[in-house]
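Novice: Sharing a structure below in structure tokens format, with a few things to ask.
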Amino acid sequence: MRLRHQARRASLLLFFPWLLSVVFCLPMFRNEPASMWTLLFGLAVAFHIQRNLFHHLPSNHRGREEDELFPTLGAANWLTLLRAGAVVALAGLLPMAIYKSQGIPYVLSWAPGIIYLGISLADLLDGIVARKEGQETELGKKLDIETDAAGLMVASILAVALGRLPVSYLLVGLAYYFFILGIWMRQKKALPVARLQSRPYARIIAGFQMGLVGMALLPTFNPVFTRIAGLIFMTPLLLGFARDWLVVSCRLKTDADQQSRLDHWAGAIAMKMLALLLRLAIAAGGIMTLNTYPVYQTHL
């Protein structure tokens, strides 16, 4: 009962930012009534995370210790839920991004990037807090995954709406949900589904995406550079999801560590290429931004 009571309080943390976004966007609704529909996106994100919270409450335990349920959410889960609330707040900026992308006040134009970079940096803390307080739970892992996925999806949509990333980058934000949907459909059809083990470098590549989207949401970089960088960095992530799909659908033969010949070859080559591309992208972005910064700023 105590755990469920805390989950209800957490629901307020998720829906309160959405209510604030409704109040914030009220003046816009008078001029753009259609923008009201875009607020449903933030509401859907809040409902999705809340549903996952209540659905996985029985897994508020360590590993296989199902009989030793923690009576409280714990500091780490509250930190993750705080990040989730920030994701909902970020989704509340979508009406502004779609309908006022050419007239956003300069100070307010920094909000999406700062919020998402804060969400990304806080992702490093919840795991540390969980280990420090000895409450690393299956619930925490699920909430962390869902918050990261929702955050990347929302931030990607915002960046595309603002013209900072190419439309094709939406595939990055939606890849996780297509992957989960594909697994669900195979299970409904009684087709074999392999349990996916963690893939080397997957979190590194995902971290690059979070950093790239966060920087793209800031008004300091030339959109030409961020669009090119988006095309470059989306490729390894989408290839990784394609590889994982081949594994879970039992189409790719792997060893006991769930590694194939393709993994060993691609892992060695990809990390070297990724490091080189990252250096080149940073150098090119710096040059382009310095050359066009005064011109670009006048269009905000």
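Labels used: A, B, ... for chains in the order of the structure tokens, numbers from 1 for residues in each chain, and numbers from 1 for ligands as shown.
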If we count only C-alpha atoms, what is near stretch 121-130 of chain A at a cut-off of 9 Å, once residues fewer than 6 positions away on the same chain are taken out, given as a PyMOL selection string?

Specialist: chain A and resi 74-80+83+136-137+140-141+144+148

Novice: For A:Arg4, work out the shell of residues within 12 Å, counting only C-alpha atoms and skipping chain neighbours fewer than 3 positions away, then give it as an NGL selection string.

Specialist: :A and (1 or 7-11 or 50 or 53-58 or 60 or 70-73)

Novice: Name the residues in contact with A:Val247 at a cut-off of 8 Å, using only C-alpha atoms, excluding same-chain residues fewer than 5 positions from it; report them as a PDB file with N, CA and C atoms, in the first residue's frame.

Specialist:
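Everything below was put into result.pdb:
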ATOM      1  N   ALA A 194      14.108 -14.655 -29.247  1.00  0.00           N
ATOM      2  CA  ALA A 194      15.291 -14.883 -28.405  1.00  0.00           C
ATOM      3  C   ALA A 194      15.431 -13.753 -27.393  1.00  0.00           C
ATOM      4  N   LEU A 196      17.310 -10.988 -25.677  1.00  0.00           N
ATOM      5  CA  LEU A 196      18.423 -10.162 -26.142  1.00  0.00           C
ATOM      6  C   LEU A 196      19.357  -9.815 -24.997  1.00  0.00           C
ATOM      7  N   LEU A 252      19.758 -14.566 -37.052  1.00  0.00           N
ATOM      8  CA  LEU A 252      21.204 -14.408 -37.056  1.00  0.00           C
ATOM      9  C   LEU A 252      21.816 -15.378 -36.055  1.00  0.00           C
ATOM     10  N   LYS A 253      22.726 -16.204 -36.520  1.00  0.00           N
ATOM     11  CA  LYS A 253      23.367 -17.187 -35.648  1.00  0.00           C
ATOM     12  C   LYS A 253      24.421 -16.496 -34.785  1.00  0.00           C
ATOM     13  N   THR A 254      24.374 -16.797 -33.489  1.00  0.00           N
ATOM     14  CA  THR A 254      25.317 -16.196 -32.549  1.00  0.00           C
ATOM     15  C   THR A 254      25.900 -17.264 -31.637  1.00  0.00           C
TER      16      THR A 254
END

Novice: Would you list the contacts of A:Val248 as a PyMOL selection string, taking every protein, DNA or RNA residue within 10 Å and counting only C-alpha atoms, but skipping same-chain residues closer than 3 positions in sequence?

Specialist: chain A and resi 179+182-183+186+192-197+243-245+251-252

Novice: Would you mind exporting all heavy atoms of the selected residues as a CSV table (one decimal), in the first residue's frame?

Specialist:
chain,number,residue,atom,x,y,z
A,179,PHE,N,10.8,-1.6,-32.5
A,179,PHE,CA,11.4,-2.9,-32.1
A,179,PHE,C,10.5,-3.6,-31.1
A,179,PHE,O,10.3,-4.8,-31.2
A,179,PHE,CB,12.8,-2.5,-31.4
A,179,PHE,CG,13.6,-3.7,-31.0
A,179,PHE,CD1,14.3,-4.4,-32.0
A,179,PHE,CD2,13.7,-4.1,-29.7
A,179,PHE,CE1,15.1,-5.5,-31.7
A,179,PHE,CE2,14.5,-5.2,-29.4
A,179,PHE,CZ,15.2,-5.9,-30.4
A,182,GLY,N,7.5,-5.0,-32.8
A,182,GLY,CA,7.8,-6.2,-33.6
A,182,GLY,C,7.9,-7.4,-32.7
A,182,GLY,O,7.4,-8.5,-33.1
A,183,ILE,N,8.5,-7.3,-31.5
A,183,ILE,CA,8.6,-8.4,-30.6
A,183,ILE,C,7.2,-8.9,-30.1
A,183,ILE,O,6.9,-10.0,-30.1
A,183,ILE,CB,9.5,-8.1,-29.4
A,183,ILE,CG1,10.9,-7.9,-29.8
A,183,ILE,CG2,9.3,-9.1,-28.3
A,183,ILE,CD1,11.8,-7.4,-28.7
A,186,ARG,N,5.4,-10.8,-32.9
A,186,ARG,CA,5.9,-12.2,-33.0
A,186,ARG,C,5.4,-13.1,-31.8
A,186,ARG,O,5.1,-14.2,-32.1
A,186,ARG,CB,7.5,-12.2,-32.9
A,186,ARG,CG,8.1,-11.7,-34.2
A,186,ARG,CD,9.6,-11.9,-34.2
A,186,ARG,NE,10.0,-13.3,-34.2
A,186,ARG,CZ,10.1,-14.0,-35.3
A,186,ARG,NH1,9.9,-13.5,-36.5
A,186,ARG,NH2,10.5,-15.3,-35.2
A,192,PRO,N,9.1,-17.8,-32.5
A,192,PRO,CA,10.2,-17.7,-31.5
A,192,PRO,C,10.8,-16.3,-31.4
A,192,PRO,O,11.0,-15.6,-32.3
A,192,PRO,CB,11.2,-18.7,-32.2
A,192,PRO,CG,10.9,-18.7,-33.6
A,192,PRO,CD,9.4,-18.6,-33.7
A,193,VAL,N,11.1,-16.0,-30.1
A,193,VAL,CA,11.7,-14.7,-29.8
A,193,VAL,C,12.9,-15.0,-28.8
A,193,VAL,O,12.7,-15.6,-27.7
A,193,VAL,CB,10.8,-13.8,-29.1
A,193,VAL,CG1,11.5,-12.5,-28.7
A,193,VAL,CG2,9.6,-13.4,-30.1
A,194,ALA,N,14.1,-14.7,-29.2
A,194,ALA,CA,15.3,-14.9,-28.4
A,194,ALA,C,15.4,-13.8,-27.4
A,194,ALA,O,15.1,-12.6,-27.7
A,194,ALA,CB,16.5,-15.0,-29.3
A,195,ARG,N,15.9,-14.1,-26.2
A,195,ARG,CA,16.2,-13.1,-25.2
A,195,ARG,C,17.4,-12.3,-25.5
A,195,ARG,O,18.5,-12.9,-25.7
A,195,ARG,CB,16.3,-13.7,-23.8
A,195,ARG,CG,16.5,-12.7,-22.7
A,195,ARG,CD,16.6,-13.4,-21.3
A,195,ARG,NE,16.8,-12.5,-20.2
A,195,ARG,CZ,15.9,-11.9,-19.6
A,195,ARG,NH1,14.6,-12.1,-20.0
A,195,ARG,NH2,16.1,-11.1,-18.6
A,196,LEU,N,17.3,-11.0,-25.7
A,196,LEU,CA,18.4,-10.2,-26.1
A,196,LEU,C,19.4,-9.8,-25.0
A,196,LEU,O,18.9,-9.3,-23.9
A,196,LEU,CB,17.9,-8.9,-26.8
A,196,LEU,CG,18.9,-8.0,-27.5
A,196,LEU,CD1,19.5,-8.7,-28.7
A,196,LEU,CD2,18.3,-6.6,-27.9
A,197,GLN,N,20.6,-10.1,-25.2
A,197,GLN,CA,21.7,-9.7,-24.2
A,197,GLN,C,22.2,-8.3,-24.6
A,197,GLN,O,22.0,-7.8,-25.7
A,197,GLN,CB,22.8,-10.7,-24.2
A,197,GLN,CG,22.4,-12.1,-23.8
A,197,GLN,CD,23.6,-13.1,-23.9
A,197,GLN,OE1,24.7,-12.7,-23.8
A,197,GLN,NE2,23.3,-14.4,-24.0
A,243,ARG,N,20.4,-5.2,-36.4
A,243,ARG,CA,21.2,-6.4,-35.9
A,243,ARG,C,20.4,-7.1,-34.8
A,243,ARG,O,20.3,-8.3,-34.7
A,243,ARG,CB,22.6,-6.0,-35.5
A,243,ARG,CG,23.4,-7.1,-34.9
A,243,ARG,CD,23.3,-7.1,-33.4
A,243,ARG,NE,24.1,-8.1,-32.8
A,243,ARG,CZ,24.0,-8.5,-31.5
A,243,ARG,NH1,23.0,-8.0,-30.8
A,243,ARG,NH2,24.7,-9.5,-31.0
A,244,ASP,N,19.9,-6.3,-33.8
A,244,ASP,CA,19.2,-6.8,-32.7
A,244,ASP,C,17.9,-7.5,-33.1
A,244,ASP,O,17.5,-8.5,-32.5
A,244,ASP,CB,18.9,-5.7,-31.7
A,244,ASP,CG,20.1,-5.2,-30.9
A,244,ASP,OD1,21.2,-5.9,-31.0
A,244,ASP,OD2,20.1,-4.2,-30.2
A,245,TRP,N,17.3,-7.0,-34.1
A,245,TRP,CA,16.1,-7.6,-34.6
A,245,TRP,C,16.4,-8.9,-35.2
A,245,TRP,O,15.6,-9.9,-35.0
A,245,TRP,CB,15.4,-6.7,-35.6
A,245,TRP,CG,14.2,-7.3,-36.2
A,245,TRP,CD1,14.0,-7.8,-37.5
A,245,TRP,CD2,12.9,-7.7,-35.5
A,245,TRP,NE1,12.8,-8.3,-37.7
A,245,TRP,CE2,12.1,-8.3,-36.5
A,245,TRP,CE3,12.5,-7.5,-34.2
A,245,TRP,CZ2,10.8,-8.7,-36.2
A,245,TRP,CZ3,11.2,-8.0,-33.9
A,245,TRP,CH2,10.4,-8.6,-34.9
A,251,ARG,N,17.1,-15.0,-36.7
A,251,ARG,CA,17.6,-15.0,-38.0
A,251,ARG,C,19.1,-14.9,-38.2
A,251,ARG,O,19.6,-15.1,-39.2
A,251,ARG,CB,16.9,-13.9,-38.8
A,251,ARG,CG,15.4,-14.0,-39.0
A,251,ARG,CD,14.9,-12.9,-40.0
A,251,ARG,NE,13.5,-13.1,-40.3
A,251,ARG,CZ,12.5,-12.6,-39.7
A,251,ARG,NH1,12.7,-11.8,-38.6
A,251,ARG,NH2,11.2,-12.8,-40.1
A,252,LEU,N,19.8,-14.6,-37.1
A,252,LEU,CA,21.2,-14.4,-37.1
A,252,LEU,C,21.8,-15.4,-36.1
A,252,LEU,O,21.5,-15.4,-34.9
A,252,LEU,CB,21.6,-13.0,-36.7
A,252,LEU,CG,23.1,-12.6,-36.7
A,252,LEU,CD1,23.6,-12.7,-38.1
A,252,LEU,CD2,23.3,-11.2,-36.2

Novice: Ranking A:Ala86, A:Leu237, A:Ile145, A:Leu19 by minimum distance to A:Tyr201 and counting only C-alpha atoms, which one comes first?

Specialist: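 Going through A:Ala86, A:Leu237, A:Ile145, A:Leu19 one by one, the smallest distance to A:Tyr201 is for A:Leu237.
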
Novice: Suppose you want the space between atom CA of A:Gly207 and atom CA of A:Leu152; what is it in Å?

Specialist: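 Those two atoms sit 10.2 Å apart.
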
Novice: Hey, what's within 8 Å of A:Gly214 if we count only C-alpha atoms and toss same-chain stuff fewer than 5 positions away? As a list in words, please?

Specialist: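 With the cut-off at 8 Å, the set is Pro112, Gly113, Ile114, Tyr116, Leu117 and Ala155 of chain A.
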
Novice: Report the distance between atom CA of A:Gly173 and atom CA of A:Ile49 in Å, rounded to one decimal place.

Specialist: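 Here the two named atoms are 15.9 Å from each other.
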
Novice: Pick from A:Phe47, A:Thr235, A:Ser249, A:Leu90: nearest to A:Met185, with only C-alpha atoms counted?

Specialist: A:Ser249
